[in-house]
Amino acid sequence: MSDRVAITPPHRYRNNDKAIGVGNAFWDMSEQNGLAGIVAELRDGVLTTPDGHEFVNFTCCSYLDLDSHPKVIEGAVAALRRYGVLDHCIPRSRVQIPALLELESSLGELFGADVVSAISAGVASAGLLPLLASGHLGNGTRPLMVFDKNCHVSMAGAKPTCADETEVVVCEHHDLGFLEDMCKRYQRVCYVIDGADSLGGYAPVLELAELQERYGMQVYYDDSHSVSAYGERGIGYVRTHCPVLDERTITVATLNKAFGTSGAAILLDGYDKKTLRVIERFAGALCYSQPVNTAAVGASLASAQIHRTDELTALQHRMHANIELFDRFVATAQSGTTYPIRVVPMSDETVIAAGRQVFEAGFYVSPVFFPIVARGTAGLRVMLRAGQTEEQVRALCAVLVEVGAQPAAAPLEVVR
Ligand SMILES: *Cc1c(COP(=O)(O)O)cnc(C)c1O
């Protein structure tokens, strides 16, 4: 036999054997049942497969349907014409066309923050979190990086790189007691968490702000799920409620969900120009990979413009009307909240068949089941949008009840 060395992986923060072993079975089963791997053309809010099956997508995160708004499409085309180039390929820290600066200035005014753009929230987190870990994005002290157990994969993926700069730990979901203990023990703590998570909950922003005030804790929020859908001018959950808007709070948000375009915004307060340069130069792919291109910049400028008008409020209202309509017919753990996501509980054994029946009736809702979620928490994920019609929502609810969803007992009061 060979005397060459076989590698024993450390698996401190990731494990592909486990991830693929568990996840691939889930995807295979979904695909075999026609609930993944679907290809369909989109026209006027209806998807059509090559064999002619029509359905409405109820698992799409474009909550305000701005991605197909005529002004957003026109904005993309107009910016391409105006700048005459899709992207002038060279790191922006050397030479850039003014497109990104125009975007950042517009988003900065909209969100009331200093904005640095990124091609995606995932790229932003992969680049920013190691800078937080080393104290370069903060007050210079290396913080203990505390990742919430449920934080989005785009943040969790940065654990190994952060661990090469500082100490990294994982805490139970929203475990304020643990965070306070760590704040008492360590010079500085940085907590990494979703502002609004993909299963329908918000971060305890006020309680976290107390820890920020008392111990100087830093919080890195990913508010991708609530920007545009929540708050005045769509500033999102975190910036609506967080009283600590300085160096201690950093928020990233994709522009690809309710904002309806492409790219991401990094929202900062209280950092000087030098630190913004450090981000542009050292936040990983922000420096060495492509930026948001001109078409996406133009689309985003148009979407930002819509955010400044009553049209945004009208779209948010339409989305909320659909959420309330859904809650009138189907009971979920999220009933009565402002959040556009609902998980309709099903058993691991029935959820795939239920998803198939709903699809055959003309609606796509994505099934989540063991092993991708814990046993006993399987369900059909439903996302309500401004663009779905009342008839579509009513018809979906009727099918969901037919396949085993629990009907709502009585009209619920909405908690805001
Ligand atoms: C959807 C989502 C992302 C992905 O955003 P991209 O801009 O496409 O990378 C990141 N974080 C959270 C919390 C999300 O929900």
# chains A, B, ... in the order shown; residues from 1 in each chain; ligands from 1
>>> closest_atom_pairs(of="region 281-387 of chain A", to="region 261-274 of chain A", cutoff="6 Å", atoms="only C-alpha atoms", output="JSON lines")
{"residue": "A:Val292", "atom": "CA", "partner": "A:Gly263", "partner_atom": "CA", "distance": 5.8}
{"residue": "A:Ala296", "atom": "CA", "partner": "A:Ser262", "partner_atom": "CA", "distance": 5.6}
{"residue": "A:Ser300", "atom": "CA", "partner": "A:Thr261", "partner_atom": "CA", "distance": 5.8}
>>> write_last_selection(atoms="N, CA, C and O atoms", output="PDB file, in the first residue's frame")
ATOM      1  N   VAL A 292     -22.004  45.160  -9.266  1.00  0.00           N
ATOM      2  CA  VAL A 292     -23.343  45.260  -9.846  1.00  0.00           C
ATOM      3  C   VAL A 292     -23.189  45.882 -11.234  1.00  0.00           C
ATOM      4  O   VAL A 292     -22.515  46.902 -11.379  1.00  0.00           O
ATOM      5  N   ALA A 296     -28.374  46.413 -13.845  1.00  0.00           N
ATOM      6  CA  ALA A 296     -28.907  46.247 -12.489  1.00  0.00           C
ATOM      7  C   ALA A 296     -28.896  47.574 -11.730  1.00  0.00           C
ATOM      8  O   ALA A 296     -29.802  47.861 -10.953  1.00  0.00           O
ATOM      9  N   SER A 300     -32.184  49.293 -10.226  1.00  0.00           N
ATOM     10  CA  SER A 300     -32.225  49.651  -8.803  1.00  0.00           C
ATOM     11  C   SER A 300     -32.541  51.129  -8.600  1.00  0.00           C
ATOM     12  O   SER A 300     -33.254  51.495  -7.662  1.00  0.00           O
TER      13      SER A 300
END
>>> closest_atom_pairs(of="region 99-139 of chain A", to="region 204-222 of chain A", cutoff="10 Å", atoms="only C-alpha atoms", output="Markdown table")
| residue | atom | partner | partner_atom | distance |
| --- | --- | --- | --- | --- |
| A:Ala121 | CA | A:Asp222 | CA | 8.0 |
| A:Gly122 | CA | A:Asp222 | CA | 9.7 |
| A:Ala124 | CA | A:Asp222 | CA | 10.0 |
| A:Ser125 | CA | A:Asp222 | CA | 8.4 |
| A:Leu128 | CA | A:Tyr220 | CA | 9.5 |
| A:Leu129 | CA | A:Tyr220 | CA | 8.3 |
| A:Leu132 | CA | A:Tyr220 | CA | 8.8 |
| A:Leu137 | CA | A:Gln218 | CA | 10.0 |
| A:Gly138 | CA | A:Gln218 | CA | 7.7 |
| A:Asn139 | CA | A:Gln218 | CA | 9.6 |
>>> write_last_selection(atoms="all heavy atoms", output="mmCIF file, in the first residue's frame")
data_model
loop_
_atom_site.group_PDB
_atom_site.id
_atom_site.type_symbol
_atom_site.label_atom_id
_atom_site.label_comp_id
_atom_site.auth_asym_id
_atom_site.auth_seq_id
_atom_site.Cartn_x
_atom_site.Cartn_y
_atom_site.Cartn_z
ATOM 1 N N ALA A 121 -25.908 39.688 -1.552
ATOM 2 C CA ALA A 121 -25.774 39.691 -0.088
ATOM 3 C C ALA A 121 -24.801 38.593 0.339
ATOM 4 O O ALA A 121 -24.039 38.764 1.294
ATOM 5 C CB ALA A 121 -27.141 39.493 0.566
ATOM 6 N N GLY A 122 -24.828 37.477 -0.380
ATOM 7 C CA GLY A 122 -23.916 36.383 -0.058
ATOM 8 C C GLY A 122 -22.459 36.812 -0.201
ATOM 9 O O GLY A 122 -21.629 36.550 0.677
ATOM 10 N N ALA A 124 -21.403 39.901 -0.104
ATOM 11 C CA ALA A 124 -21.147 40.933 0.913
ATOM 12 C C ALA A 124 -20.774 40.281 2.243
ATOM 13 O O ALA A 124 -19.780 40.652 2.868
ATOM 14 C CB ALA A 124 -22.377 41.828 1.081
ATOM 15 N N SER A 125 -21.550 39.281 2.666
ATOM 16 C CA SER A 125 -21.264 38.637 3.957
ATOM 17 C C SER A 125 -19.940 37.885 3.928
ATOM 18 O O SER A 125 -19.173 37.950 4.892
ATOM 19 C CB SER A 125 -22.398 37.678 4.334
ATOM 20 O OG SER A 125 -23.531 38.418 4.703
ATOM 21 N N LEU A 128 -17.408 40.746 4.253
ATOM 22 C CA LEU A 128 -17.443 41.625 5.430
ATOM 23 C C LEU A 128 -17.144 40.903 6.732
ATOM 24 O O LEU A 128 -16.467 41.440 7.610
ATOM 25 C CB LEU A 128 -18.825 42.278 5.557
ATOM 26 C CG LEU A 128 -19.192 43.341 4.538
ATOM 27 C CD1 LEU A 128 -20.643 43.767 4.749
ATOM 28 C CD2 LEU A 128 -18.282 44.554 4.666
ATOM 29 N N LEU A 129 -17.682 39.688 6.895
ATOM 30 C CA LEU A 129 -17.570 39.024 8.201
ATOM 31 C C LEU A 129 -16.112 38.816 8.636
ATOM 32 O O LEU A 129 -15.789 39.062 9.803
ATOM 33 C CB LEU A 129 -18.386 37.728 8.220
ATOM 34 C CG LEU A 129 -19.911 37.978 8.266
ATOM 35 C CD1 LEU A 129 -20.708 36.720 7.974
ATOM 36 C CD2 LEU A 129 -20.325 38.576 9.616
ATOM 37 N N LEU A 132 -14.966 42.006 10.101
ATOM 38 C CA LEU A 132 -15.490 42.191 11.458
ATOM 39 C C LEU A 132 -14.672 41.350 12.428
ATOM 40 O O LEU A 132 -14.324 41.799 13.522
ATOM 41 C CB LEU A 132 -16.966 41.783 11.516
ATOM 42 C CG LEU A 132 -17.922 42.863 11.025
ATOM 43 C CD1 LEU A 132 -18.896 42.327 10.016
ATOM 44 C CD2 LEU A 132 -18.669 43.457 12.197
ATOM 45 N N LEU A 137 -13.484 46.182 10.867
ATOM 46 C CA LEU A 137 -14.795 46.801 10.714
ATOM 47 C C LEU A 137 -15.409 46.788 12.108
ATOM 48 O O LEU A 137 -16.100 45.852 12.499
ATOM 49 C CB LEU A 137 -15.628 45.993 9.709
ATOM 50 C CG LEU A 137 -16.832 46.674 9.081
ATOM 51 C CD1 LEU A 137 -16.472 48.042 8.531
ATOM 52 C CD2 LEU A 137 -17.383 45.802 7.962
ATOM 53 N N GLY A 138 -15.076 47.799 12.863
ATOM 54 C CA GLY A 138 -15.467 47.845 14.269
ATOM 55 C C GLY A 138 -14.590 48.865 14.962
ATOM 56 O O GLY A 138 -14.205 49.866 14.355
ATOM 57 N N ASN A 139 -14.229 48.588 16.224
ATOM 58 C CA ASN A 139 -13.416 49.576 16.947
ATOM 59 C C ASN A 139 -11.965 49.144 17.089
ATOM 60 O O ASN A 139 -11.232 49.666 17.903
ATOM 61 C CB ASN A 139 -14.029 49.867 18.322
ATOM 62 C CG ASN A 139 -13.987 48.638 19.225
ATOM 63 O OD1 ASN A 139 -13.560 47.561 18.796
ATOM 64 N ND2 ASN A 139 -14.415 48.799 20.461
#
>>> residues_near_ligand(ligand="ligand 1", cutoff="10 Å", atoms="only C-alpha atoms and all ligand atoms", output="PyMOL selection string")
chain A and resi 61+118-126+151-155+193-199+221-226+252-257+261-265
>>> residues_around(residues="Arg92 (chain A)", least_positions_apart="6", cutoff="12 Å", atoms="only C-alpha atoms", output="list in words")
Pro98, Ala99, Leu100, Leu101, Val116, Ser117, Ala118, Arg277, Ile279, Glu280, Arg281, Ala285, Leu286, Cys287, Tyr288, Ser289, Gln290, Pro291, Val292 and Asn293 of chain A
>>> write_last_selection(atoms="all heavy atoms", output="compact mmCIF listing (two decimals), in the first residue's frame")
# COMPACT_ATOMS: atom_id res chain seq x y z
N PRO A 98 -19.24 56.11 -13.20
CA PRO A 98 -19.95 56.64 -12.01
C PRO A 98 -21.19 55.87 -11.61
O PRO A 98 -21.86 56.25 -10.65
CB PRO A 98 -20.34 58.06 -12.45
CG PRO A 98 -19.67 58.31 -13.74
CD PRO A 98 -19.32 57.00 -14.34
N ALA A 99 -21.51 54.76 -12.30
CA ALA A 99 -22.79 54.07 -12.06
C ALA A 99 -22.96 53.62 -10.60
O ALA A 99 -23.99 53.88 -9.98
CB ALA A 99 -22.92 52.86 -12.99
N LEU A 100 -21.94 52.97 -10.04
CA LEU A 100 -22.06 52.48 -8.66
C LEU A 100 -22.19 53.62 -7.68
O LEU A 100 -22.92 53.53 -6.69
CB LEU A 100 -20.83 51.63 -8.28
CG LEU A 100 -20.64 50.31 -9.02
CD1 LEU A 100 -19.37 49.63 -8.52
CD2 LEU A 100 -21.84 49.39 -8.85
N LEU A 101 -21.48 54.73 -7.95
CA LEU A 101 -21.56 55.88 -7.05
C LEU A 101 -22.96 56.47 -7.07
O LEU A 101 -23.50 56.86 -6.03
CB LEU A 101 -20.51 56.94 -7.45
CG LEU A 101 -19.07 56.45 -7.37
CD1 LEU A 101 -18.11 57.49 -7.96
CD2 LEU A 101 -18.69 56.11 -5.93
N VAL A 116 -22.59 50.83 0.70
CA VAL A 116 -21.63 50.24 -0.23
C VAL A 116 -22.38 49.13 -0.95
O VAL A 116 -23.09 48.34 -0.32
CB VAL A 116 -20.39 49.67 0.50
CG1 VAL A 116 -19.42 49.05 -0.50
CG2 VAL A 116 -19.69 50.76 1.31
N SER A 117 -22.25 49.08 -2.28
CA SER A 117 -22.98 48.07 -3.04
C SER A 117 -22.15 46.80 -3.16
O SER A 117 -20.92 46.81 -3.02
CB SER A 117 -23.31 48.60 -4.43
OG SER A 117 -22.11 48.88 -5.13
N ALA A 118 -22.84 45.68 -3.40
CA ALA A 118 -22.18 44.40 -3.66
C ALA A 118 -23.03 43.65 -4.66
O ALA A 118 -24.22 43.95 -4.81
CB ALA A 118 -22.05 43.59 -2.37
N ARG A 277 -13.23 52.66 2.35
CA ARG A 277 -12.21 52.24 1.38
C ARG A 277 -11.68 50.84 1.71
O ARG A 277 -11.44 50.03 0.83
CB ARG A 277 -11.03 53.22 1.39
CG ARG A 277 -11.34 54.54 0.71
CD ARG A 277 -11.31 54.40 -0.82
NE ARG A 277 -11.66 55.66 -1.44
CZ ARG A 277 -12.92 56.05 -1.66
NH1 ARG A 277 -13.93 55.27 -1.34
NH2 ARG A 277 -13.17 57.22 -2.21
N ILE A 279 -13.28 48.50 3.05
CA ILE A 279 -14.29 47.54 2.59
C ILE A 279 -14.12 47.31 1.08
O ILE A 279 -14.05 46.18 0.62
CB ILE A 279 -15.72 48.06 2.91
CG1 ILE A 279 -15.94 48.07 4.42
CG2 ILE A 279 -16.77 47.21 2.21
CD1 ILE A 279 -17.25 48.66 4.85
N GLU A 280 -14.04 48.41 0.33
CA GLU A 280 -13.91 48.27 -1.13
C GLU A 280 -12.65 47.50 -1.53
O GLU A 280 -12.63 46.80 -2.53
CB GLU A 280 -13.86 49.65 -1.79
CG GLU A 280 -15.22 50.32 -1.89
CD GLU A 280 -15.10 51.74 -2.42
OE1 GLU A 280 -14.12 52.04 -3.15
OE2 GLU A 280 -15.98 52.54 -2.09
N ARG A 281 -11.60 47.67 -0.71
CA ARG A 281 -10.31 47.05 -1.08
C ARG A 281 -10.11 45.66 -0.51
O ARG A 281 -9.36 44.87 -1.09
CB ARG A 281 -9.16 47.94 -0.59
CG ARG A 281 -9.07 49.26 -1.32
CD ARG A 281 -8.06 50.18 -0.64
NE ARG A 281 -8.05 51.50 -1.26
CZ ARG A 281 -7.46 52.56 -0.73
NH1 ARG A 281 -6.84 52.46 0.43
NH2 ARG A 281 -7.50 53.72 -1.35
N ALA A 285 -14.52 39.45 -2.42
CA ALA A 285 -14.93 39.61 -3.81
C ALA A 285 -15.37 41.03 -4.16
O ALA A 285 -15.45 41.38 -5.33
CB ALA A 285 -16.04 38.61 -4.14
N LEU A 286 -15.66 41.85 -3.14
CA LEU A 286 -16.02 43.25 -3.44
C LEU A 286 -14.89 43.94 -4.19
O LEU A 286 -15.11 44.88 -4.94
CB LEU A 286 -16.33 44.03 -2.16
CG LEU A 286 -17.82 44.23 -1.86
CD1 LEU A 286 -18.53 42.93 -1.67
CD2 LEU A 286 -18.01 45.14 -0.67
N CYS A 287 -13.66 43.48 -3.95
CA CYS A 287 -12.53 44.10 -4.63
C CYS A 287 -12.14 43.35 -5.91
O CYS A 287 -11.89 43.96 -6.92
CB CYS A 287 -11.34 44.16 -3.70
SG CYS A 287 -9.89 44.86 -4.50
N TYR A 288 -12.12 42.01 -5.82
CA TYR A 288 -11.51 41.29 -6.94
C TYR A 288 -12.51 40.65 -7.91
O TYR A 288 -12.12 39.99 -8.86
CB TYR A 288 -10.54 40.22 -6.43
CG TYR A 288 -11.15 39.13 -5.59
CD1 TYR A 288 -11.99 38.18 -6.16
CD2 TYR A 288 -10.88 39.03 -4.23
CE1 TYR A 288 -12.56 37.18 -5.39
CE2 TYR A 288 -11.44 38.03 -3.46
CZ TYR A 288 -12.28 37.10 -4.05
OH TYR A 288 -12.83 36.12 -3.30
N SER A 289 -13.81 40.83 -7.70
CA SER A 289 -14.78 40.19 -8.57
C SER A 289 -15.72 41.26 -9.14
O SER A 289 -15.66 42.41 -8.73
CB SER A 289 -15.55 39.14 -7.77
OG SER A 289 -16.18 38.23 -8.62
N GLN A 290 -16.58 40.88 -10.06
CA GLN A 290 -17.41 41.88 -10.74
C GLN A 290 -18.37 42.59 -9.78
O GLN A 290 -18.87 41.99 -8.85
CB GLN A 290 -18.20 41.23 -11.87
CG GLN A 290 -19.13 40.14 -11.39
CD GLN A 290 -19.80 39.43 -12.53
OE1 GLN A 290 -20.54 40.02 -13.29
NE2 GLN A 290 -19.55 38.13 -12.65
N PRO A 291 -18.64 43.89 -10.05
CA PRO A 291 -19.62 44.62 -9.24
C PRO A 291 -21.03 44.47 -9.86
O PRO A 291 -21.19 43.75 -10.84
CB PRO A 291 -19.14 46.06 -9.37
CG PRO A 291 -18.60 46.13 -10.76
CD PRO A 291 -18.02 44.76 -11.05
N VAL A 292 -22.00 45.16 -9.27
CA VAL A 292 -23.34 45.26 -9.85
C VAL A 292 -23.19 45.88 -11.23
O VAL A 292 -22.52 46.90 -11.38
CB VAL A 292 -24.22 46.18 -8.97
CG1 VAL A 292 -25.62 46.30 -9.53
CG2 VAL A 292 -24.24 45.69 -7.52
N ASN A 293 -23.77 45.29 -12.26
CA ASN A 293 -23.59 45.86 -13.60
C ASN A 293 -24.58 46.99 -13.89
O ASN A 293 -25.53 47.21 -13.13
CB ASN A 293 -23.59 44.77 -14.69
CG ASN A 293 -24.96 44.16 -14.88
OD1 ASN A 293 -25.96 44.86 -14.99
ND2 ASN A 293 -25.01 42.84 -14.91
>>> residues_around(residues="region 387-392 of chain A", least_positions_apart="5", cutoff="9 Å", atoms="only C-alpha atoms", output="mmCIF file with N, CA, C and O atoms, in the first residue's frame")
data_model
loop_
_atom_site.group_PDB
_atom_site.id
_atom_site.type_symbol
_atom_site.label_atom_id
_atom_site.label_comp_id
_atom_site.auth_asym_id
_atom_site.auth_seq_id
_atom_site.Cartn_x
_atom_site.Cartn_y
_atom_site.Cartn_z
ATOM 1 N N GLY A 45 -47.513 36.962 -14.676
ATOM 2 C CA GLY A 45 -47.685 36.356 -13.362
ATOM 3 C C GLY A 45 -48.029 34.876 -13.374
ATOM 4 O O GLY A 45 -48.240 34.286 -12.321
ATOM 5 N N VAL A 56 -49.321 29.315 -10.690
ATOM 6 C CA VAL A 56 -48.903 30.569 -10.055
ATOM 7 C C VAL A 56 -47.886 30.211 -8.991
ATOM 8 O O VAL A 56 -48.094 29.270 -8.218
ATOM 9 N N PHE A 58 -46.233 30.449 -5.633
ATOM 10 C CA PHE A 58 -46.457 30.940 -4.273
ATOM 11 C C PHE A 58 -45.223 30.700 -3.396
ATOM 12 O O PHE A 58 -45.326 30.608 -2.185
ATOM 13 N N TYR A 63 -41.625 39.998 -3.165
ATOM 14 C CA TYR A 63 -42.882 40.232 -2.444
ATOM 15 C C TYR A 63 -43.725 41.376 -3.003
ATOM 16 O O TYR A 63 -44.924 41.421 -2.787
ATOM 17 N N LEU A 64 -43.087 42.335 -3.675
ATOM 18 C CA LEU A 64 -43.856 43.461 -4.208
ATOM 19 C C LEU A 64 -43.949 43.396 -5.740
ATOM 20 O O LEU A 64 -44.463 44.313 -6.366
ATOM 21 N N ASP A 65 -43.445 42.352 -6.328
ATOM 22 C CA ASP A 65 -43.464 42.154 -7.790
ATOM 23 C C ASP A 65 -42.811 43.317 -8.548
ATOM 24 O O ASP A 65 -43.168 43.600 -9.684
ATOM 25 N N LEU A 315 -48.239 49.080 -2.733
ATOM 26 C CA LEU A 315 -47.808 47.688 -2.964
ATOM 27 C C LEU A 315 -47.693 46.931 -1.639
ATOM 28 O O LEU A 315 -48.103 45.779 -1.538
ATOM 29 N N ARG A 318 -51.105 45.983 -0.610
ATOM 30 C CA ARG A 318 -51.658 44.855 -1.376
ATOM 31 C C ARG A 318 -51.064 43.545 -0.890
ATOM 32 O O ARG A 318 -51.753 42.522 -0.791
ATOM 33 N N MET A 319 -49.764 43.565 -0.598
ATOM 34 C CA MET A 319 -49.134 42.360 -0.056
ATOM 35 C C MET A 319 -49.799 41.990 1.280
ATOM 36 O O MET A 319 -50.158 40.836 1.504
ATOM 37 N N ALA A 321 -52.765 42.779 2.335
ATOM 38 C CA ALA A 321 -54.144 42.322 2.117
ATOM 39 C C ALA A 321 -54.130 40.836 1.751
ATOM 40 O O ALA A 321 -54.967 40.064 2.237
ATOM 41 N N ASN A 322 -53.164 40.421 0.939
ATOM 42 C CA ASN A 322 -53.079 38.999 0.570
ATOM 43 C C ASN A 322 -52.687 38.138 1.770
ATOM 44 O O ASN A 322 -53.184 37.023 1.923
ATOM 45 N N LEU A 325 -55.778 37.875 3.881
ATOM 46 C CA LEU A 325 -56.749 37.000 3.219
ATOM 47 C C LEU A 325 -56.366 35.539 3.453
ATOM 48 O O LEU A 325 -57.206 34.703 3.807
ATOM 49 N N PHE A 363 -50.797 25.680 -8.491
ATOM 50 C CA PHE A 363 -50.025 26.552 -7.599
ATOM 51 C C PHE A 363 -48.751 25.850 -7.179
ATOM 52 O O PHE A 363 -48.774 24.670 -6.844
ATOM 53 N N CYS A 397 -55.901 28.659 -1.013
ATOM 54 C CA CYS A 397 -56.322 28.282 0.340
ATOM 55 C C CYS A 397 -57.291 27.102 0.292
ATOM 56 O O CYS A 397 -57.195 26.173 1.101
#
>>> closest_residue(among="A:Leu396, A:Ala408, A:Met383, A:Ala36", to="Ala331 (chain A)", atoms="only C-alpha atoms")
A:Ala408
>>> select_by_dssp(residues="region 69-102 of chain A", states="helix (DSSP H, G or I)", output="PDB file with C-alpha atoms, in the first residue's frame")
ATOM      1  CA  PRO A  70     -42.338  48.471 -16.280  1.00  0.00           C
ATOM      2  CA  LYS A  71     -40.368  51.332 -14.681  1.00  0.00           C
ATOM      3  CA  VAL A  72     -37.764  48.905 -13.301  1.00  0.00           C
ATOM      4  CA  ILE A  73     -37.330  47.260 -16.707  1.00  0.00           C
ATOM      5  CA  GLU A  74     -37.145  50.677 -18.392  1.00  0.00           C
ATOM      6  CA  GLY A  75     -34.627  51.831 -15.767  1.00  0.00           C
ATOM      7  CA  ALA A  76     -32.305  48.950 -16.675  1.00  0.00           C
ATOM      8  CA  VAL A  77     -32.488  49.758 -20.380  1.00  0.00           C
ATOM      9  CA  ALA A  78     -32.125  53.519 -19.848  1.00  0.00           C
ATOM     10  CA  ALA A  79     -28.994  53.130 -17.681  1.00  0.00           C
ATOM     11  CA  LEU A  80     -27.384  50.865 -20.280  1.00  0.00           C
ATOM     12  CA  ARG A  81     -28.031  53.503 -22.950  1.00  0.00           C
ATOM     13  CA  ARG A  82     -26.868  56.361 -20.696  1.00  0.00           C
ATOM     14  CA  TYR A  83     -23.602  54.719 -19.574  1.00  0.00           C
ATOM     15  CA  ALA A  99     -22.789  54.067 -12.056  1.00  0.00           C
ATOM     16  CA  LEU A 100     -22.060  52.476  -8.663  1.00  0.00           C
ATOM     17  CA  LEU A 101     -21.556  55.883  -7.050  1.00  0.00           C
ATOM     18  CA  GLU A 102     -24.937  57.012  -8.389  1.00  0.00           C
TER      19      GLU A 102
END
>>> residues_around(residues="region 365-380 of chain A", least_positions_apart="5", cutoff="6 Å", atoms="only C-alpha atoms", output="VMD selection string")
chain A and resid 58 to 59 343 to 348
>>> write_last_selection(atoms="C-alpha atoms", output="PDB file, in the first residue's frame")
ATOM      1  CA  PHE A  58     -46.457  30.940  -4.273  1.00  0.00           C
ATOM      2  CA  THR A  59     -42.800  30.486  -3.227  1.00  0.00           C
ATOM      3  CA  VAL A 343     -45.404  27.406   6.667  1.00  0.00           C
ATOM      4  CA  VAL A 344     -48.481  25.179   6.392  1.00  0.00           C
ATOM      5  CA  PRO A 345     -47.762  22.208   8.697  1.00  0.00           C
ATOM      6  CA  MET A 346     -47.922  18.700   7.159  1.00  0.00           C
ATOM      7  CA  SER A 347     -46.422  15.388   8.229  1.00  0.00           C
ATOM      8  CA  ASP A 348     -43.158  14.110   6.715  1.00  0.00           C
TER       9      ASP A 348
END
>>> select_by_dssp(residues="region 130-193 of chain A", states="strand (DSSP E or B)", output="JSON, numbers by chain")
{"A": [144, 145, 146, 147, 148, 168, 169, 170, 171, 189, 190, 191, 192, 193]}
>>> atom_distance(atom1="CA of Val351 (chain A)", atom2="CA of Ala25 (chain A)")
15.1 Å
>>> atom_distance(atom1="CA of Leu66 (chain A)", atom2="CA of Ile306 (chain A)")
9.0 Å
>>> atom_distance(atom1="CA of Ser105 (chain A)", atom2="CA of Gly84 (chain A)")
20.3 Å
>>> closest_residue(among="A:Tyr186, A:Trp27, A:Phe359, A:Tyr202", to="Gln334 (chain A)", atoms="only C-alpha atoms")
A:Tyr202
>>> residues_around(residues="Val227 (chain A)", least_positions_apart="4", cutoff="6 Å", atoms="only C-alpha atoms", output="VMD selection string")
chain A and resid 234 to 236
>>> residues_around(residues="Val330 (chain A)", least_positions_apart="2", cutoff="9 Å", atoms="only C-alpha atoms", output="list in words")
Phe326, Asp327, Arg328, Thr332, Ser335, Val344, Cys397, Ala398, Leu400, Val401, Ala405, Gln406, Pro407, Ala408 and Ala409 of chain A
